[in-house]
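Heads up, query.cif below (mmCIF, C-alpha atoms):
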```cif
data_query
loop_
_atom_site.group_PDB
_atom_site.id
_atom_site.type_symbol
_atom_site.label_atom_id
_atom_site.label_comp_id
_atom_site.auth_asym_id
_atom_site.auth_seq_id
_atom_site.Cartn_x
_atom_site.Cartn_y
_atom_site.Cartn_z
ATOM 1 C CA MET A 1 27.270 -54.223 3.215
ATOM 2 C CA ALA A 2 25.444 -52.992 0.108
ATOM 3 C CA SER A 3 22.094 -53.948 1.666
ATOM 4 C CA GLY A 4 23.004 -51.926 4.780
ATOM 5 C CA PHE A 5 23.837 -48.910 2.615
ATOM 6 C CA PHE A 6 20.493 -49.125 0.776
ATOM 7 C CA ALA A 7 18.683 -49.557 4.110
ATOM 8 C CA ILE A 8 20.227 -46.277 5.288
ATOM 9 C CA LEU A 9 19.128 -44.574 2.061
ATOM 10 C CA ASP A 10 15.615 -45.975 2.565
ATOM 11 C CA ASP A 11 15.545 -44.598 6.138
ATOM 12 C CA ILE A 12 16.691 -41.179 4.897
ATOM 13 C CA ALA A 13 14.034 -41.192 2.153
ATOM 14 C CA THR A 14 11.330 -42.111 4.709
ATOM 15 C CA LEU A 15 12.553 -39.367 7.057
ATOM 16 C CA MET A 16 12.528 -36.765 4.254
ATOM 17 C CA ASP A 17 9.027 -37.870 3.230
ATOM 18 C CA ASP A 18 7.848 -37.483 6.861
ATOM 19 C CA VAL A 19 9.570 -34.097 7.098
ATOM 20 C CA ALA A 20 7.893 -32.868 3.884
ATOM 21 C CA THR A 21 4.437 -34.014 5.069
ATOM 22 C CA MET A 22 4.817 -32.601 8.574
ATOM 23 C CA SER A 23 6.309 -29.345 7.225
ATOM 24 C CA LYS A 24 3.145 -28.817 5.140
ATOM 25 C CA ILE A 25 0.949 -29.403 8.215
ATOM 26 C CA ALA A 26 3.086 -27.125 10.436
ATOM 27 C CA THR A 27 3.158 -24.390 7.765
ATOM 28 C CA LYS A 28 -0.656 -24.502 7.457
ATOM 29 C CA LYS A 29 -0.979 -24.201 11.252
ATOM 30 C CA THR A 30 1.344 -21.175 11.331
ATOM 31 C CA ALA A 31 -0.235 -19.475 8.266
ATOM 32 C CA GLY A 32 -2.343 -17.132 10.411
ATOM 33 C CA ILE A 33 0.549 -15.959 12.583
ATOM 34 C CA LEU A 34 2.752 -15.580 9.469
ATOM 35 C CA GLY A 35 0.158 -13.196 8.019
ATOM 36 C CA ASP A 36 0.215 -11.193 11.244
ATOM 37 C CA ASP A 37 4.022 -11.351 11.266
ATOM 38 C CA LEU A 38 4.108 -9.904 7.744
ATOM 39 C CA ALA A 39 1.762 -7.024 8.634
ATOM 40 C CA VAL A 40 3.627 -6.150 11.840
ATOM 41 C CA ASN A 41 7.122 -6.350 10.319
ATOM 42 C CA ALA A 42 6.187 -4.491 7.138
ATOM 43 C CA GLU A 43 4.912 -1.632 9.300
ATOM 44 C CA LYS A 44 8.085 -1.769 11.438
ATOM 45 C CA ALA A 45 10.389 -1.799 8.390
ATOM 46 C CA THR A 46 8.948 1.327 6.761
ATOM 47 C CA GLY A 47 9.576 5.011 7.435
ATOM 48 C CA PHE A 48 13.303 5.077 6.572
ATOM 49 C CA LEU A 49 15.149 7.088 3.924
ATOM 50 C CA SER A 50 14.896 5.469 0.484
ATOM 51 C CA ASN A 51 18.617 4.634 0.254
ATOM 52 C CA ARG A 52 18.534 3.086 3.764
ATOM 53 C CA GLU A 53 15.480 0.808 3.335
ATOM 54 C CA ILE A 54 17.309 -2.302 2.078
ATOM 55 C CA PRO A 55 20.292 -2.008 4.528
ATOM 56 C CA VAL A 56 17.829 -1.555 7.407
ATOM 57 C CA LEU A 57 15.686 -4.469 6.226
ATOM 58 C CA TRP A 58 18.804 -6.641 5.913
ATOM 59 C CA ALA A 59 19.793 -5.697 9.500
ATOM 60 C CA ILE A 60 16.304 -6.708 10.732
ATOM 61 C CA THR A 61 16.438 -9.956 8.693
ATOM 62 C CA LYS A 62 19.817 -10.883 10.221
ATOM 63 C CA GLY A 63 18.350 -10.094 13.646
ATOM 64 C CA SER A 64 15.410 -12.369 12.828
ATOM 65 C CA PHE A 65 17.761 -15.247 11.941
ATOM 66 C CA ARG A 66 19.648 -14.687 15.206
ATOM 67 C CA ASN A 67 16.325 -14.779 17.046
ATOM 68 C CA LYS A 68 15.538 -18.168 15.507
ATOM 69 C CA LEU A 69 19.010 -19.498 16.431
ATOM 70 C CA ILE A 70 18.337 -18.524 20.068
ATOM 71 C CA ILE A 71 14.706 -19.684 20.191
ATOM 72 C CA LEU A 72 14.942 -23.070 18.418
ATOM 73 C CA PRO A 73 17.405 -24.889 20.749
ATOM 74 C CA ILE A 74 15.689 -23.494 23.857
ATOM 75 C CA ALA A 75 12.243 -24.499 22.519
ATOM 76 C CA PHE A 76 13.415 -28.071 21.803
ATOM 77 C CA LEU A 77 14.985 -28.425 25.266
ATOM 78 C CA LEU A 78 12.004 -26.926 27.103
ATOM 79 C CA SER A 79 9.472 -28.999 25.152
ATOM 80 C CA ALA A 80 11.378 -32.122 26.189
ATOM 81 C CA TYR A 81 12.138 -31.306 29.838
ATOM 82 C CA LEU A 82 9.999 -28.342 30.990
ATOM 83 C CA PRO A 83 6.897 -27.862 28.786
ATOM 84 C CA LEU A 84 5.216 -25.536 31.321
ATOM 85 C CA ALA A 85 7.989 -22.952 30.768
ATOM 86 C CA ILE A 86 6.985 -22.639 27.095
ATOM 87 C CA THR A 87 3.457 -21.609 28.083
ATOM 88 C CA ILE A 88 4.767 -19.041 30.597
ATOM 89 C CA ILE A 89 7.184 -17.545 28.020
ATOM 90 C CA LEU A 90 4.376 -17.487 25.462
ATOM 91 C CA ILE A 91 2.044 -15.565 27.830
ATOM 92 C CA LEU A 92 4.776 -13.045 28.767
ATOM 93 C CA GLY A 93 5.429 -12.511 25.064
ATOM 94 C CA GLY A 94 1.692 -12.017 24.570
ATOM 95 C CA VAL A 95 1.673 -9.273 27.221
ATOM 96 C CA TYR A 96 4.493 -7.480 25.374
ATOM 97 C CA LEU A 97 2.655 -7.705 22.007
ATOM 98 C CA ALA A 98 -0.590 -6.515 23.636
ATOM 99 C CA TYR A 99 1.302 -3.593 25.213
ATOM 100 C CA GLU A 100 2.758 -2.605 21.813
ATOM 101 C CA GLY A 101 -0.658 -2.737 20.136
ATOM 102 C CA ALA A 102 -2.419 -0.843 22.947
ATOM 103 C CA GLU A 103 0.310 1.817 22.959
ATOM 104 C CA LYS A 104 -0.326 2.475 19.250
ATOM 105 C CA VAL A 105 -4.072 2.805 19.892
ATOM 106 C CA TYR A 106 -3.440 5.120 22.874
ATOM 107 C CA GLU A 107 -1.007 7.308 20.890
ATOM 108 C CA TYR A 108 -3.479 7.560 17.997
ATOM 109 C CA PHE A 109 -6.324 8.843 20.189
ATOM 110 C CA PHE A 110 -4.475 10.912 22.809
ATOM 111 C CA HIS A 111 -1.151 12.025 21.319
ATOM 112 C CA ARG A 112 -1.881 12.357 17.631
ATOM 113 C CA LYS A 113 -0.865 16.026 17.386
ATOM 114 C CA GLU A 114 2.327 15.359 19.303
ATOM 115 C CA GLU A 115 3.145 12.488 16.942
ATOM 116 C CA GLU A 116 2.558 14.736 13.911
ATOM 117 C CA ARG A 117 4.979 17.292 15.402
ATOM 118 C CA LYS A 118 7.513 14.516 15.982
ATOM 119 C CA GLU A 119 7.238 13.436 12.342
ATOM 120 C CA GLU A 120 7.923 17.013 11.228
ATOM 121 C CA LEU A 121 10.984 17.103 13.469
ATOM 122 C CA LEU A 122 12.350 13.878 12.007
ATOM 123 C CA SER A 123 13.616 15.822 9.000
ATOM 124 C CA VAL A 124 15.855 17.856 11.340
ATOM 125 C CA PRO A 125 19.413 16.983 12.347
ATOM 126 C CA GLU A 126 20.999 14.494 10.007
ATOM 127 C CA GLU A 127 23.423 13.317 12.700
ATOM 128 C CA LYS A 128 20.487 11.959 14.742
ATOM 129 C CA LEU A 129 19.139 9.764 11.921
ATOM 130 C CA PRO A 130 21.520 6.807 12.562
ATOM 131 C CA GLU A 131 20.448 6.769 16.221
ATOM 132 C CA LEU A 132 16.739 6.777 15.272
ATOM 133 C CA GLU A 133 17.436 4.074 12.699
ATOM 134 C CA LYS A 134 19.160 1.862 15.283
ATOM 135 C CA LYS A 135 16.246 2.361 17.680
ATOM 136 C CA LYS A 136 13.671 1.279 15.056
ATOM 137 C CA ILE A 137 15.786 -1.733 14.058
ATOM 138 C CA LYS A 138 16.074 -2.790 17.703
ATOM 139 C CA GLN A 139 12.290 -2.439 18.213
ATOM 140 C CA ALA A 140 11.613 -4.464 15.033
ATOM 141 C CA ILE A 141 13.982 -7.263 16.141
ATOM 142 C CA VAL A 142 12.408 -7.412 19.634
ATOM 143 C CA THR A 143 8.903 -7.666 18.109
ATOM 144 C CA ASP A 144 10.175 -10.302 15.666
ATOM 145 C CA PHE A 145 11.579 -12.263 18.630
ATOM 146 C CA ILE A 146 8.157 -12.455 20.296
ATOM 147 C CA LEU A 147 6.376 -13.376 17.052
ATOM 148 C CA SER A 148 9.099 -15.951 16.286
ATOM 149 C CA ILE A 149 8.435 -17.644 19.640
ATOM 150 C CA GLU A 150 4.762 -17.949 18.692
ATOM 151 C CA ILE A 151 5.618 -19.358 15.228
ATOM 152 C CA VAL A 152 8.080 -21.903 16.670
ATOM 153 C CA ILE A 153 5.675 -23.030 19.420
ATOM 154 C CA ILE A 154 2.758 -23.480 16.983
ATOM 155 C CA ALA A 155 4.982 -25.411 14.552
ATOM 156 C CA LEU A 156 6.282 -27.519 17.448
ATOM 157 C CA SER A 157 2.739 -28.331 18.588
ATOM 158 C CA ALA A 158 1.982 -29.728 15.117
ATOM 159 C CA VAL A 159 4.807 -32.294 15.385
ATOM 160 C CA VAL A 160 4.845 -32.884 19.135
ATOM 161 C CA ASN A 161 4.248 -36.655 18.751
ATOM 162 C CA GLU A 162 6.912 -37.116 16.075
ATOM 163 C CA PRO A 163 10.478 -38.390 16.722
ATOM 164 C CA LEU A 164 12.960 -35.760 17.932
ATOM 165 C CA VAL A 165 14.902 -35.616 14.632
ATOM 166 C CA THR A 166 11.690 -34.999 12.652
ATOM 167 C CA ARG A 167 10.630 -32.320 15.149
ATOM 168 C CA ILE A 168 13.954 -30.493 14.873
ATOM 169 C CA ILE A 169 14.047 -30.565 11.050
ATOM 170 C CA VAL A 170 10.364 -29.600 10.549
ATOM 171 C CA VAL A 171 10.338 -26.704 13.029
ATOM 172 C CA SER A 172 13.700 -25.430 11.713
ATOM 173 C CA VAL A 173 12.387 -25.509 8.115
ATOM 174 C CA VAL A 174 9.223 -23.606 9.110
ATOM 175 C CA ALA A 175 11.295 -21.017 11.053
ATOM 176 C CA ILE A 176 13.637 -20.411 8.096
ATOM 177 C CA LEU A 177 10.747 -20.204 5.598
ATOM 178 C CA ALA A 178 8.993 -17.725 7.906
ATOM 179 C CA THR A 179 11.988 -15.360 7.925
ATOM 180 C CA VAL A 180 12.788 -15.641 4.205
ATOM 181 C CA GLY A 181 9.128 -15.418 3.143
ATOM 182 C CA VAL A 182 8.086 -12.553 5.422
ATOM 183 C CA TYR A 183 11.107 -10.316 4.855
ATOM 184 C CA GLY A 184 11.234 -11.126 1.126
ATOM 185 C CA ILE A 185 7.674 -9.804 0.756
ATOM 186 C CA VAL A 186 8.459 -6.809 3.000
ATOM 187 C CA ALA A 187 11.446 -5.968 0.746
ATOM 188 C CA LEU A 188 9.143 -5.955 -2.303
ATOM 189 C CA ILE A 189 6.664 -3.668 -0.522
ATOM 190 C CA VAL A 190 9.196 -1.067 0.665
ATOM 191 C CA ARG A 191 10.829 -0.901 -2.804
ATOM 192 C CA MET A 192 7.512 -0.595 -4.622
ATOM 193 C CA ASP A 193 7.946 3.125 -5.382
ATOM 194 C CA ASP A 194 11.442 2.547 -6.810
ATOM 195 C CA TYR A 195 10.088 -0.112 -9.167
ATOM 196 C CA GLY A 196 7.332 2.360 -10.102
ATOM 197 C CA TYR A 197 9.790 5.150 -10.970
ATOM 198 C CA ARG A 198 11.869 2.725 -13.045
ATOM 199 C CA LEU A 199 8.791 1.779 -15.060
ATOM 200 C CA ILE A 200 7.892 5.477 -15.546
ATOM 201 C CA ASN A 201 11.416 6.203 -16.833
ATOM 202 C CA LEU A 202 11.497 3.075 -19.004
ATOM 203 C CA ASN A 203 10.763 5.053 -22.192
ATOM 204 C CA ASP A 204 10.272 8.630 -23.413
ATOM 205 C CA ARG A 205 6.534 8.284 -23.969
ATOM 206 C CA THR A 206 4.355 10.092 -21.420
ATOM 207 C CA ASP A 207 1.274 7.883 -21.537
ATOM 208 C CA SER A 208 2.627 4.377 -22.080
ATOM 209 C CA PHE A 209 1.453 1.224 -20.300
ATOM 210 C CA SER A 210 4.652 1.142 -18.195
ATOM 211 C CA ASP A 211 3.997 4.756 -17.113
ATOM 212 C CA LYS A 212 0.509 3.862 -15.927
ATOM 213 C CA VAL A 213 1.676 0.778 -14.020
ATOM 214 C CA GLY A 214 4.578 2.751 -12.516
ATOM 215 C CA GLN A 215 2.236 5.530 -11.404
ATOM 216 C CA VAL A 216 -0.078 3.001 -9.752
ATOM 217 C CA LEU A 217 2.860 1.519 -7.797
ATOM 218 C CA VAL A 218 4.130 4.951 -6.692
ATOM 219 C CA ASN A 219 0.664 6.145 -5.599
ATOM 220 C CA ALA A 220 -0.190 2.831 -3.930
ATOM 221 C CA LEU A 221 2.860 2.691 -1.607
ATOM 222 C CA PRO A 222 1.771 5.369 0.949
ATOM 223 C CA LYS A 223 -1.704 3.804 1.121
ATOM 224 C CA ILE A 224 -0.268 0.312 1.596
ATOM 225 C CA ILE A 225 2.070 1.542 4.352
ATOM 226 C CA LYS A 226 -0.833 3.291 6.112
ATOM 227 C CA ALA A 227 -2.985 0.170 5.775
ATOM 228 C CA LEU A 228 -0.140 -2.012 7.078
ATOM 229 C CA SER A 229 0.204 0.268 10.094
ATOM 230 C CA ILE A 230 -3.467 -0.346 10.946
ATOM 231 C CA VAL A 231 -3.311 -4.070 10.113
ATOM 232 C CA GLY A 232 -0.065 -4.393 12.102
ATOM 233 C CA THR A 233 -1.701 -2.880 15.194
ATOM 234 C CA LEU A 234 -4.735 -5.160 14.844
ATOM 235 C CA ALA A 235 -2.391 -8.124 14.329
ATOM 236 C CA LEU A 236 -0.498 -7.368 17.551
ATOM 237 C CA LEU A 237 -3.753 -7.292 19.529
ATOM 238 C CA LEU A 238 -5.221 -10.389 17.839
ATOM 239 C CA VAL A 239 -2.049 -12.467 18.218
ATOM 240 C CA SER A 240 -1.691 -11.530 21.884
ATOM 241 C CA GLY A 241 -5.410 -12.124 22.511
ATOM 242 C CA GLY A 242 -5.098 -15.522 20.843
ATOM 243 C CA ILE A 243 -2.174 -16.398 23.134
ATOM 244 C CA PHE A 244 -4.216 -15.524 26.245
ATOM 245 C CA SER A 245 -7.338 -17.296 24.977
ATOM 246 C CA HIS A 246 -5.542 -20.539 24.047
ATOM 247 C CA ASN A 247 -3.190 -20.775 27.019
ATOM 248 C CA ILE A 248 -5.157 -19.425 30.019
ATOM 249 C CA GLU A 249 -8.123 -21.563 31.048
ATOM 250 C CA PHE A 250 -10.154 -18.640 32.475
ATOM 251 C CA PHE A 251 -9.928 -16.622 29.242
ATOM 252 C CA HIS A 252 -10.524 -19.718 27.113
ATOM 253 C CA HIS A 253 -14.021 -20.175 28.617
ATOM 254 C CA LEU A 254 -14.755 -16.440 28.900
ATOM 255 C CA LEU A 255 -17.435 -14.940 26.602
ATOM 256 C CA PRO A 256 -18.281 -18.230 24.812
ATOM 257 C CA SER A 257 -20.971 -16.570 22.657
ATOM 258 C CA PHE A 258 -18.529 -14.001 21.233
ATOM 259 C CA PRO A 259 -16.856 -14.642 17.833
ATOM 260 C CA SER A 260 -13.272 -15.806 18.496
ATOM 261 C CA LEU A 261 -11.661 -12.903 16.590
ATOM 262 C CA LEU A 262 -13.656 -10.287 18.522
ATOM 263 C CA LYS A 263 -12.927 -12.013 21.813
ATOM 264 C CA GLU A 264 -9.182 -12.158 21.054
ATOM 265 C CA PHE A 265 -9.131 -8.503 20.012
ATOM 266 C CA ILE A 266 -10.888 -7.406 23.241
ATOM 267 C CA LEU A 267 -8.559 -9.539 25.375
ATOM 268 C CA GLY A 268 -5.455 -8.187 23.618
ATOM 269 C CA LEU A 269 -6.644 -4.579 23.909
ATOM 270 C CA LEU A 270 -7.702 -4.771 27.583
ATOM 271 C CA ILE A 271 -4.552 -6.583 28.756
ATOM 272 C CA GLY A 272 -2.417 -4.269 26.599
ATOM 273 C CA LEU A 273 -4.049 -1.174 28.120
ATOM 274 C CA ALA A 274 -3.574 -2.617 31.623
ATOM 275 C CA ALA A 275 0.144 -3.210 30.867
ATOM 276 C CA LEU A 276 0.438 0.303 29.399
ATOM 277 C CA LEU A 277 -1.182 1.970 32.430
ATOM 278 C CA LEU A 278 0.958 -0.103 34.808
ATOM 279 C CA LEU A 279 4.148 0.906 32.999
ATOM 280 C CA LYS A 280 3.129 4.583 32.917
ATOM 281 C CA SER A 281 2.344 4.465 36.666
ATOM 282 C CA VAL A 282 5.739 2.891 37.413
ATOM 283 C CA LYS A 283 7.483 5.539 35.299
ATOM 284 C CA LYS A 284 5.655 8.340 37.131
ATOM 285 C CA LEU A 285 6.544 6.792 40.475
ATOM 286 C CA PHE A 286 10.239 6.617 39.602
ATOM 287 C CA SER A 287 10.249 10.143 38.095
ATOM 288 C CA ARG A 288 8.864 11.534 41.391
ATOM 289 C CA LYS A 289 11.619 9.807 43.309
#
```

Let me see the file written as structure tokens.
Amino acid sequence: MASGFFAILDDIATLMDDVATMSKIATKKTAGILGDDLAVNAEKATGFLSNREIPVLWAITKGSFRNKLIILPIAFLLSAYLPLAITIILILGGVYLAYEGAEKVYEYFFHRKEEERKEELLSVPEEKLPELEKKKIKQAIVTDFILSIEIVIIALSAVVNEPLVTRIIVVSVVAILATVGVYGIVALIVRMDDYGYRLINLNDRTDSFSDKVGQVLVNALPKIIKALSIVGTLALLLVSGGIFSHNIEFFHHLLPSFPSLLKEFILGLLIGLAALLLLKSVKKLFSRK
């Protein structure tokens, strides 16, 4: 009986060792998409009132956990019984990400003045702020859902030949780490100015070391947010382009002499613009009717 108990412990130890090893491999494979995920979600989580940043971020984080709870069981079932469906879902998600990225590029070049007017109007009626907040949270959670699918699928591909229990534990660990890591860093970014003001007010001296550090943090935040907006847009196009390049045979062999990043960016932008124009045409058609 004792030997049976120790055999079980030995099996558990072996399983945990396998899980730790495979988790490292899966995390390395998803590192690129996690970087893109951080850029996209940091850009999505900014632009709120200072006292609403953490509640909004917490709402998006909870939405991200819910996304993982939906995606993980479906991914495990589909990988076991209908692997082709995963590729189809992945490509549809890629079209959505490409559309989001292309829409940002289109708005920047063709509706910049209109967007500036909209930003001025955002300081208007206070009663409309909760509605705008809910809309941004919903958009952030939808984008997180698509990126979460990509993270889960990549992690799953790293352990596809492992036993089912190992697959489930490894991919679940990577999914949880992705949410905690990404939104933990986003929380630090959006609260950077608050930390800066606290350092400035730390003492009565006007030129202390804490004042200088605090001033750097306060001045850096708008630049970081602007940079994240650009990086987030590029990330959307690169992630979507990567999905098309790796999962569609025609695109995989297209432009072989091009650097992979450039090729993925062009694919993401062109397919995103096509999706944008198609949606605008459909909207015009329905508005005429």

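In this structure, CA of Leu273 (chain A) sits 14.5 Å away from CA of Phe244 (chain A).
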
- prompt: So what does the PyMOL selection byres ((chain A and resi 276) around 10) actually pick up in this one, as a PyMOL selection string?
  reply: chain A and resi 95-96+98-103+106+270-275+277-282

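The two atoms in question, CA of Asn67 (chain A) and CA of Ile230 (chain A), are spaced 25.2 Å apart.
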
task: Skip Arg66 (chain A) itself and residues of its chain fewer than 3 positions away, then list as a list in words all residues within 12 Å of it, counting all atoms listed in the file.
output: Ala59, Ile60, Thr61, Lys62, Gly63, Leu69, Ile70, Ile71, Leu72, Pro73, Ile141, Val142, Asp144, Phe145, Ser148, Ala175, Ile176 and Thr179 of chain A

message: Taking only C-alpha atoms into account, name the residue in A:Ala140, A:Leu78, A:Leu132, A:Ile91 that is nearest to Trp58 (chain A).
response: A:Ala140

message: To test your reading of the syntax: which residues would the PyMOL selection byres ((chain A and resi 90) around 12) return for the file shown? Reply as an MDAnalysis selection string.
response: chainID A and resid 71 75 83:89 91:97 145:154 239:248

query: Excluding same-chain residues fewer than 4 positions from Leu255 (chain A), what lies within 12 Å of it counting all atoms listed in the file, as a list of chain:residue names?
result: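 Skipping anything fewer than 4 positions along the chain leaves A:Ser245, A:Phe250, A:Phe251, A:Pro259, A:Ser260, A:Leu261, A:Leu262, A:Lys263, A:Glu264, A:Ile266, A:Leu267.
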
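Between CA of Ala178 (chain A) and CA of Ala227 (chain A) the interatomic distance comes to 21.6 Å.
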
With the PyMOL selection byres ((chain A and resi 187) around 10) as the selection, what would be picked from this file? Answer as a CSV table (one decimal) with C-alpha atoms, in the frame of the given file, please.
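Okay, this is what ended up in part_20.csv:
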```csv
chain,number,residue,atom,x,y,z
A,42,ALA,CA,6.2,-4.5,7.1
A,45,ALA,CA,10.4,-1.8,8.4
A,46,THR,CA,8.9,1.3,6.8
A,53,GLU,CA,15.5,0.8,3.3
A,54,ILE,CA,17.3,-2.3,2.1
A,57,LEU,CA,15.7,-4.5,6.2
A,58,TRP,CA,18.8,-6.6,5.9
A,182,VAL,CA,8.1,-12.6,5.4
A,183,TYR,CA,11.1,-10.3,4.9
A,184,GLY,CA,11.2,-11.1,1.1
A,185,ILE,CA,7.7,-9.8,0.8
A,186,VAL,CA,8.5,-6.8,3.0
A,188,LEU,CA,9.1,-6.0,-2.3
A,189,ILE,CA,6.7,-3.7,-0.5
A,190,VAL,CA,9.2,-1.1,0.7
A,191,ARG,CA,10.8,-0.9,-2.8
A,192,MET,CA,7.5,-0.6,-4.6
```

query: Closest to Ser210 (chain A) among A:Phe258, A:Phe110, A:Phe286, A:Tyr195, using all atoms listed in the file?
result: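 Using all atoms listed in the file, Ser210 (chain A) sits closest to A:Tyr195.
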